[in-house]
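Colleague: File name model_15.txt; file contents compact mmCIF, C-alpha atoms; full text below.
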# COMPACT_ATOMS: atom_id res chain seq x y z
CA MET I 1 136.82 116.18 58.78
CA SER I 2 133.47 117.97 58.67
CA ARG I 3 131.90 117.59 62.11
CA LEU I 4 131.24 121.35 62.22
CA SER I 5 130.50 121.93 58.55
CA GLY I 6 128.30 124.98 58.05
CA LYS I 7 128.62 126.21 61.62
CA VAL I 8 129.66 129.71 62.65
CA VAL I 9 131.69 129.76 65.87
CA VAL I 10 132.90 132.44 68.28
CA ILE I 11 135.79 131.53 70.63
CA THR I 12 137.28 133.91 73.20
CA GLY I 13 140.78 133.94 74.66
CA ALA I 14 141.92 132.12 71.57
CA ALA I 15 145.21 133.61 70.38
CA ARG I 16 147.25 130.93 72.15
CA GLY I 17 147.02 127.95 74.50
CA MET I 18 143.78 126.01 74.76
CA GLY I 19 141.85 128.63 72.83
CA ALA I 20 144.16 128.40 69.83
CA ALA I 21 143.84 124.60 69.92
CA HIS I 22 140.06 124.98 69.75
CA VAL I 23 140.32 127.36 66.80
CA ARG I 24 142.63 125.08 64.82
CA ARG I 25 140.47 122.02 65.44
CA PHE I 26 137.22 123.78 64.63
CA VAL I 27 138.53 125.20 61.34
CA ALA I 28 139.84 121.74 60.42
CA GLU I 29 136.35 120.37 61.07
CA GLY I 30 134.71 122.77 58.63
CA ALA I 31 133.60 125.65 60.85
CA LYS I 32 133.92 129.34 60.16
CA VAL I 33 135.55 130.67 63.31
CA VAL I 34 135.62 134.16 64.76
CA PHE I 35 138.16 134.16 67.56
CA THR I 36 139.04 136.94 69.97
CA ASP I 37 141.76 137.89 72.41
CA ILE I 38 143.49 140.95 73.84
CA LEU I 39 146.76 139.61 72.33
CA GLU I 40 146.62 141.21 68.90
CA GLU I 41 149.98 140.09 67.44
CA GLU I 42 149.43 136.43 68.27
CA GLY I 43 145.84 136.58 67.09
CA ARG I 44 146.78 138.08 63.71
CA LYS I 45 149.46 135.43 63.27
CA LEU I 46 146.98 132.62 63.92
CA GLN I 47 144.49 134.10 61.47
CA ALA I 48 147.19 134.26 58.79
CA GLU I 49 147.96 130.60 59.45
CA LEU I 50 144.32 129.47 59.17
CA GLY I 51 143.08 131.58 56.28
CA ALA I 52 139.66 132.67 55.06
CA ASN I 53 137.56 130.52 57.38
CA SER I 54 138.89 132.40 60.41
CA LEU I 55 138.56 135.98 61.61
CA PHE I 56 140.49 137.49 64.52
CA ILE I 57 139.03 140.38 66.53
CA GLN I 58 140.94 142.08 69.32
CA HIS I 59 138.53 141.98 72.23
CA ASN I 60 138.36 142.77 75.93
CA VAL I 61 135.84 140.20 77.16
CA THR I 62 134.84 142.36 80.13
CA ASN I 63 133.65 145.17 77.85
CA GLU I 64 129.95 145.03 77.03
CA SER I 65 130.06 147.17 73.90
CA GLU I 66 132.91 145.08 72.48
CA TRP I 67 130.85 141.92 72.95
CA LYS I 68 128.00 143.45 70.98
CA ALA I 69 130.46 144.37 68.21
CA VAL I 70 131.99 140.87 68.10
CA ILE I 71 128.61 139.22 67.50
CA GLU I 72 127.71 141.83 64.88
CA GLN I 73 131.01 141.29 63.06
CA ALA I 74 130.61 137.51 63.20
CA GLU I 75 127.17 137.75 61.63
CA ALA I 76 128.40 140.19 58.98
CA ALA I 77 131.33 137.95 58.06
CA PHE I 78 129.78 134.48 58.23
CA GLY I 79 126.13 134.59 59.36
CA PRO I 80 124.25 133.88 62.62
CA VAL I 81 126.32 132.20 65.32
CA ASN I 82 125.81 128.48 66.02
CA VAL I 83 128.52 127.95 68.65
CA LEU I 84 130.05 130.07 71.40
CA VAL I 85 133.08 128.89 73.38
CA ASN I 86 133.68 131.12 76.40
CA ASN I 87 137.34 130.25 76.86
CA ALA I 88 138.95 133.49 78.08
CA GLY I 89 140.20 133.42 81.64
CA ILE I 90 142.87 134.58 84.08
CA ASP I 91 144.30 133.43 87.39
CA LEU I 92 146.36 134.91 90.20
CA PRO I 93 149.29 133.39 92.11
CA PRO I 94 148.19 131.53 95.27
CA ALA I 95 147.59 133.92 98.17
CA ASP I 96 146.18 133.87 101.68
CA LEU I 97 142.51 134.79 101.80
CA ASP I 98 143.17 137.85 103.94
CA ALA I 99 145.92 139.04 101.61
CA VAL I 100 144.02 139.07 98.31
CA PRO I 101 143.47 142.68 97.19
CA VAL I 102 139.81 143.40 96.48
CA GLU I 103 140.59 144.94 93.10
CA GLN I 104 142.40 141.76 92.01
CA TYR I 105 139.50 139.62 93.18
CA ARG I 106 137.12 141.75 91.11
CA LYS I 107 139.37 141.50 88.05
CA VAL I 108 139.31 137.69 88.17
CA ILE I 109 135.52 137.72 88.57
CA ASP I 110 135.15 140.15 85.65
CA VAL I 111 137.30 138.13 83.25
CA ASN I 112 136.25 134.64 84.29
CA GLN I 113 132.59 135.14 85.21
CA LEU I 114 131.19 138.42 83.90
CA SER I 115 132.59 137.71 80.44
CA VAL I 116 130.68 134.41 80.33
CA PHE I 117 127.44 136.21 81.14
CA LEU I 118 128.14 138.87 78.50
CA GLY I 119 128.96 136.26 75.88
CA MET I 120 125.77 134.31 76.50
CA HIS I 121 123.71 137.51 76.75
CA TYR I 122 124.80 138.77 73.35
CA VAL I 123 124.96 135.48 71.45
CA VAL I 124 121.47 134.21 72.31
CA PRO I 125 119.60 136.42 69.79
CA SER I 126 122.02 135.33 67.06
CA MET I 127 121.57 131.65 67.98
CA LYS I 128 117.80 132.06 67.92
CA LYS I 129 118.13 133.39 64.36
CA ALA I 130 120.28 130.37 63.54
CA GLY I 131 117.60 128.03 64.87
CA GLY I 132 119.62 126.84 67.86
CA GLY I 133 123.18 126.33 68.93
CA SER I 134 125.69 125.21 71.51
CA ILE I 135 127.38 127.26 74.21
CA VAL I 136 130.48 125.75 75.81
CA ASN I 137 131.71 127.53 78.93
CA ILE I 138 135.27 126.67 79.93
CA SER I 139 135.37 126.37 83.71
CA SER I 140 138.03 124.37 85.58
CA LEU I 141 138.50 121.49 87.96
CA ALA I 142 138.40 124.40 90.44
CA GLY I 143 134.73 124.69 89.49
CA ILE I 144 134.18 121.19 90.90
CA VAL I 145 136.47 121.22 93.95
CA GLY I 146 138.14 124.10 95.75
CA ALA I 147 141.64 125.23 94.78
CA TYR I 148 144.01 125.94 97.68
CA LYS I 149 144.67 129.65 98.25
CA LYS I 150 142.80 130.55 95.04
CA ILE I 151 139.63 132.10 96.39
CA ALA I 152 138.87 134.34 93.38
CA TYR I 153 139.61 131.70 90.76
CA THR I 154 137.55 129.07 92.57
CA ALA I 155 134.64 131.45 93.05
CA SER I 156 134.64 132.44 89.39
CA LYS I 157 134.84 128.87 88.09
CA PHE I 158 132.10 127.58 90.40
CA ALA I 159 129.99 130.49 89.15
CA VAL I 160 130.56 129.47 85.54
CA ARG I 161 129.33 125.97 86.38
CA GLY I 162 126.17 127.34 88.00
CA MET I 163 125.50 129.90 85.27
CA THR I 164 125.77 127.10 82.73
CA LYS I 165 123.01 125.14 84.42
CA ALA I 166 120.73 128.16 84.78
CA ALA I 167 121.21 129.08 81.11
CA ALA I 168 120.59 125.49 79.98
CA LEU I 169 117.23 125.43 81.78
CA GLU I 170 116.18 128.66 80.11
CA LEU I 171 117.49 128.12 76.59
CA GLY I 172 116.63 124.49 75.92
CA GLU I 173 113.26 125.37 74.40
CA PHE I 174 115.07 127.40 71.75
CA GLY I 175 117.34 124.52 70.76
CA ILE I 176 120.33 126.09 72.51
CA ARG I 177 122.43 123.72 74.60
CA VAL I 178 124.78 124.96 77.33
CA ASN I 179 127.51 122.85 78.93
CA SER I 180 130.66 123.50 80.96
CA VAL I 181 134.11 121.95 80.53
CA HIS I 182 136.39 121.52 83.54
CA PRO I 183 140.06 121.02 82.63
CA GLY I 184 142.66 120.03 85.17
CA PHE I 185 146.34 120.82 84.67
CA ILE I 186 146.86 121.54 80.96
CA ARG I 187 150.16 122.52 79.34
CA THR I 188 149.79 126.11 78.09
CA PRO I 189 151.95 129.25 78.08
CA MET I 190 150.35 130.16 81.43
CA THR I 191 151.29 126.86 83.12
CA GLU I 192 154.55 125.88 81.41
CA ALA I 193 156.79 127.25 84.15
CA LEU I 194 154.99 125.18 86.80
CA ILE I 195 155.41 121.80 85.11
CA ASN I 196 158.13 119.40 86.25
CA PRO I 197 158.59 115.60 86.35
CA GLU I 198 157.66 115.38 90.03
CA LEU I 199 154.38 117.19 89.43
CA GLU I 200 153.48 115.00 86.47
CA ALA I 201 154.31 111.82 88.41
CA SER I 202 151.75 112.83 91.05
CA PHE I 203 148.83 112.59 88.61
CA PRO I 204 146.88 109.32 88.06
CA ILE I 205 147.69 109.67 84.36
CA ARG I 206 151.37 110.44 84.75
CA ARG I 207 151.46 113.67 82.77
CA VAL I 208 149.70 116.98 82.36
CA GLY I 209 147.07 117.37 79.68
CA ARG I 210 147.51 118.74 76.17
CA PRO I 211 145.38 121.58 74.76
CA GLU I 212 144.43 119.35 71.84
CA GLU I 213 142.85 116.86 74.25
CA VAL I 214 140.60 119.57 75.65
CA ALA I 215 139.79 120.70 72.10
CA ASN I 216 138.53 117.18 71.33
CA LEU I 217 136.00 117.44 74.16
CA VAL I 218 134.96 120.97 73.25
CA LEU I 219 134.51 119.85 69.65
CA TYR I 220 132.14 117.09 70.76
CA LEU I 221 130.02 119.56 72.73
CA ALA I 222 129.98 122.06 69.88
CA SER I 223 128.91 119.44 67.35
CA ASP I 224 125.53 117.82 66.83
CA GLU I 225 126.98 114.60 68.25
CA SER I 226 126.18 115.93 71.74
CA SER I 227 122.59 116.83 70.81
CA TYR I 228 121.12 115.45 74.07
CA SER I 229 123.71 116.99 76.42
CA THR I 230 122.87 120.23 78.18
CA GLY I 231 123.30 121.69 81.64
CA SER I 232 126.14 119.29 82.37
CA GLU I 233 129.76 119.53 83.41
CA PHE I 234 132.45 117.57 81.58
CA VAL I 235 135.67 117.00 83.50
CA ILE I 236 138.98 116.45 81.69
CA ASP I 237 141.67 116.27 84.36
CA GLY I 238 143.68 113.07 83.97
CA GLY I 239 142.06 111.75 87.14
CA LEU I 240 143.31 114.60 89.33
CA GLY I 241 139.90 115.19 90.88
CA ALA I 242 139.54 111.52 91.81
CA GLN I 243 142.35 111.71 94.37
Just give me the structure of the file as C-alpha cells.

Modeller:
Amino acid sequence: MSRLSGKVVVITGAARGMGAAHVRRFVAEGAKVVFTDILEEEGRKLQAELGANSLFIQHNVTNESEWKAVIEQAEAAFGPVNVLVNNAGIDLPPADLDAVPVEQYRKVIDVNQLSVFLGMHYVVPSMKKAGGGSIVNISSLAGIVGAYKKIAYTASKFAVRGMTKAAALELGEFGIRVNSVHPGFIRTPMTEALINPELEASFPIRRVGRPEEVANLVLYLASDESSYSTGSEFVIDGGLGAQ
C-alpha cells in the first residue's frame, strides 16, 4: 500500500464525508496529508485516529490569507506539496431561480468556485518546487449536466470543470496535472437524510455511491498511475448521468 509514498498532499473539506475518505486512503497509501475544514472537533478527531502522517488545520477555504498559511504550514511540516485535492463544497436546498437570495448564490460560488481558484493559485509555486504534481478538483455530476432548481450549485460546479481545463493547459509544462472528478449521489452526512429505497432503486446501479469509491478514483488521479491524464473530467455516478 504505497501508491503515494513520498508525496505531500493537501485536502480541503476533509473532516468528514468524502474528504475524510480521501484522507484515510491517502495516508494508508503512504502519503503525508495536510487536511483542512471549518469543523475543528471532527478534524482533530480524525488526526488523532491517523497519527503522525496527518496534520489537521482549521481553514475557511474562501479566505485568501488562510490559504497562504495552509501551504506554508504544509511545507514546514512535510515539504513541498505534490498533490492538492480541492474537495470543500456546499449546496443549498432546491429553490426557484427567482427566489434564490443573491447573498446565498454568492456564498455557494465563494465556497465551491473561488476556493478552487485560491487553492490552485497558492499551491502552484509549491508544486513547482516539488518538480510537478497533481491537482484534483472535486466538481459534481452537476458540472456535466444541469441540476433542477440548483442554479448556484450548477454554476459553481460547471465553473470548476472549466477552470480545471484552463489550469491544465497552463500548468502542463511544469509537470502539474489538473483533473476534475464528478460524483453523483454519494452517501455522506450531507445527503444521508435524502436517501431511501425508492431513490436508490431509480439508479442504474441500484444504490447510492460510497465515499470510499470516490476516494479510489481520486487516489488514481493523485498517483503517478494517471501520469498522462490532465484537463479531463472523471465521472463517478453509478450511471445516473446516462439516463

Colleague: Between atom CA of Leu221 of chain I and atom CA of Gly133 of chain I, what is the spacing in Å?

Modeller: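 Atom CA of Leu221 of chain I lies at a distance of 10.3 Å from atom CA of Gly133 of chain I.
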
Colleague: With all atoms listed in the file as the counted atoms, please give the residues lying no more than 10 Å from segment 113-121 of chain I, apart from itself and same-chain residues fewer than 4 positions off, as an NGL selection string.

Modeller: :I and (10-12 or 60-68 or 70-71 or 84-89 or 106-109 or 125 or 127 or 135-139 or 153 or 155-161 or 163-164 or 167 or 178)

Colleague: Would you compute the distance between atom CA of Leu4 of chain I and atom CA of Ser54 of chain I? Give it in Å to one decimal.

Modeller: 13.6 Å

Colleague: May I ask for the distance between atom CA of Glu103 of chain I and atom CA of Asp91 of chain I, given in Å to one decimal place?

Modeller: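 Answer for the atom CA of Glu103 of chain I to atom CA of Asp91 of chain I separation: 13.4 Å.
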
Colleague: Measuring atom to atom with only C-alpha atoms, identify which of I:Asn179, I:Ala147, I:Ala69, I:Thr191 is nearest to Ala95 of chain I.

Modeller: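 The answer is I:Ala147, which sits nearest to Ala95 of chain I.
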
Colleague: Tell me which of I:Val218, I:Ala152, I:Leu39, I:Val83 sits closest to Glu233 of chain I, counting all atoms listed in the file.

Modeller: I:Val218

Colleague: So which one's closest to Gly146 of chain I, I:Gly241, I:Ala130, I:Leu46, I:Ile195? Using all atoms listed in the file, please.

Modeller: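 Between I:Gly241, I:Ala130, I:Leu46, I:Ile195, the residue approaching Gly146 of chain I most closely is I:Gly241.
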
Colleague: Name the closest residue to Ile186 of chain I among the candidates I:Glu72, I:Glu29, I:Glu198, I:Asp237; distances are taken between atoms, counting all atoms listed in the file.

Modeller: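 Smallest distance to Ile186 of chain I is found for I:Asp237.
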
Colleague: List the spatial neighbours of Asp224 of chain I as a list in words - criterion: any atom at most 9 Å away, all atoms listed in the file, same-chain residues fewer than 4 positions off excluded.

Modeller: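 Counting all atoms listed in the file, the residues come to Arg3, Leu4, Ser134, Tyr220 and Tyr228 of chain I.
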
Colleague: Do you know which residues are at most 10 Å from Leu217 of chain I counting only C-alpha atoms, after dropping those on the same chain fewer than 3 positions away, and could you put them as a PyMOL selection string?

Modeller: chain I and resi 22+181+212-214+220-222+234-236

Colleague: Show me as a list in words the residues that reach within 12 Å of (146.9, 127.5, 57.1), counting only C-alpha atoms and using the file's own coordinates.

Modeller: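 The distance filter leaves exactly Val23, Arg24, Arg25, Val27, Ala28, Lys45, Leu46, Gln47, Ala48, Glu49, Leu50, Gly51, Ala52, Asn53 and Ser54 of chain I.
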
Colleague: Which polymer residues, whether protein, DNA or RNA, lie within 12 Å of the coordinate (146.1, 134.3, 101.2) when you count only C-alpha atoms? List them as a CSV table (one decimal) with C-alpha atoms, in the frame of the given file, using the chain letters and numbers from the file.

Modeller:
chain,number,residue,atom,x,y,z
I,92,LEU,CA,146.4,134.9,90.2
I,93,PRO,CA,149.3,133.4,92.1
I,94,PRO,CA,148.2,131.5,95.3
I,95,ALA,CA,147.6,133.9,98.2
I,96,ASP,CA,146.2,133.9,101.7
I,97,LEU,CA,142.5,134.8,101.8
I,98,ASP,CA,143.2,137.8,103.9
I,99,ALA,CA,145.9,139.0,101.6
I,100,VAL,CA,144.0,139.1,98.3
I,101,PRO,CA,143.5,142.7,97.2
I,105,TYR,CA,139.5,139.6,93.2
I,147,ALA,CA,141.6,125.2,94.8
I,148,TYR,CA,144.0,125.9,97.7
I,149,LYS,CA,144.7,129.6,98.2
I,150,LYS,CA,142.8,130.6,95.0
I,151,ILE,CA,139.6,132.1,96.4
I,152,ALA,CA,138.9,134.3,93.4

Colleague: Please provide the set of residues having any atom within 10 Å of Pro197 of chain I, restricted to all atoms listed in the file, with same-chain residues fewer than 2 positions apart removed, written as a short mmCIF file (atom, residue, chain, number, x, y, z; two decimals) with C-alpha atoms, keeping the file's coordinate frame.

Modeller:
data_model
loop_
_atom_site.label_atom_id
_atom_site.label_comp_id
_atom_site.auth_asym_id
_atom_site.auth_seq_id
_atom_site.Cartn_x
_atom_site.Cartn_y
_atom_site.Cartn_z
CA ILE I 195 155.41 121.80 85.11
CA LEU I 199 154.38 117.19 89.43
CA GLU I 200 153.48 115.00 86.47
CA ALA I 201 154.31 111.82 88.41
CA SER I 202 151.75 112.83 91.05
CA ARG I 206 151.37 110.44 84.75
CA ARG I 207 151.46 113.67 82.77
CA VAL I 208 149.70 116.98 82.36
#

Colleague: Show me, as a ChimeraX atom specification, the residues that have an atom within 9 Å of Ser5 of chain I when counting only C-alpha atoms, minus same-chain residues fewer than 5 positions from it.

Modeller: /I:29-32

Colleague: From the set I:Met190, I:Val9, I:Ala20, I:Ile205, which residue has the shortest atom-to-atom contact distance to Ile90 of chain I, counting all atoms listed in the file?

Modeller: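 The shortest atom-to-atom distance to Ile90 of chain I comes from I:Met190.
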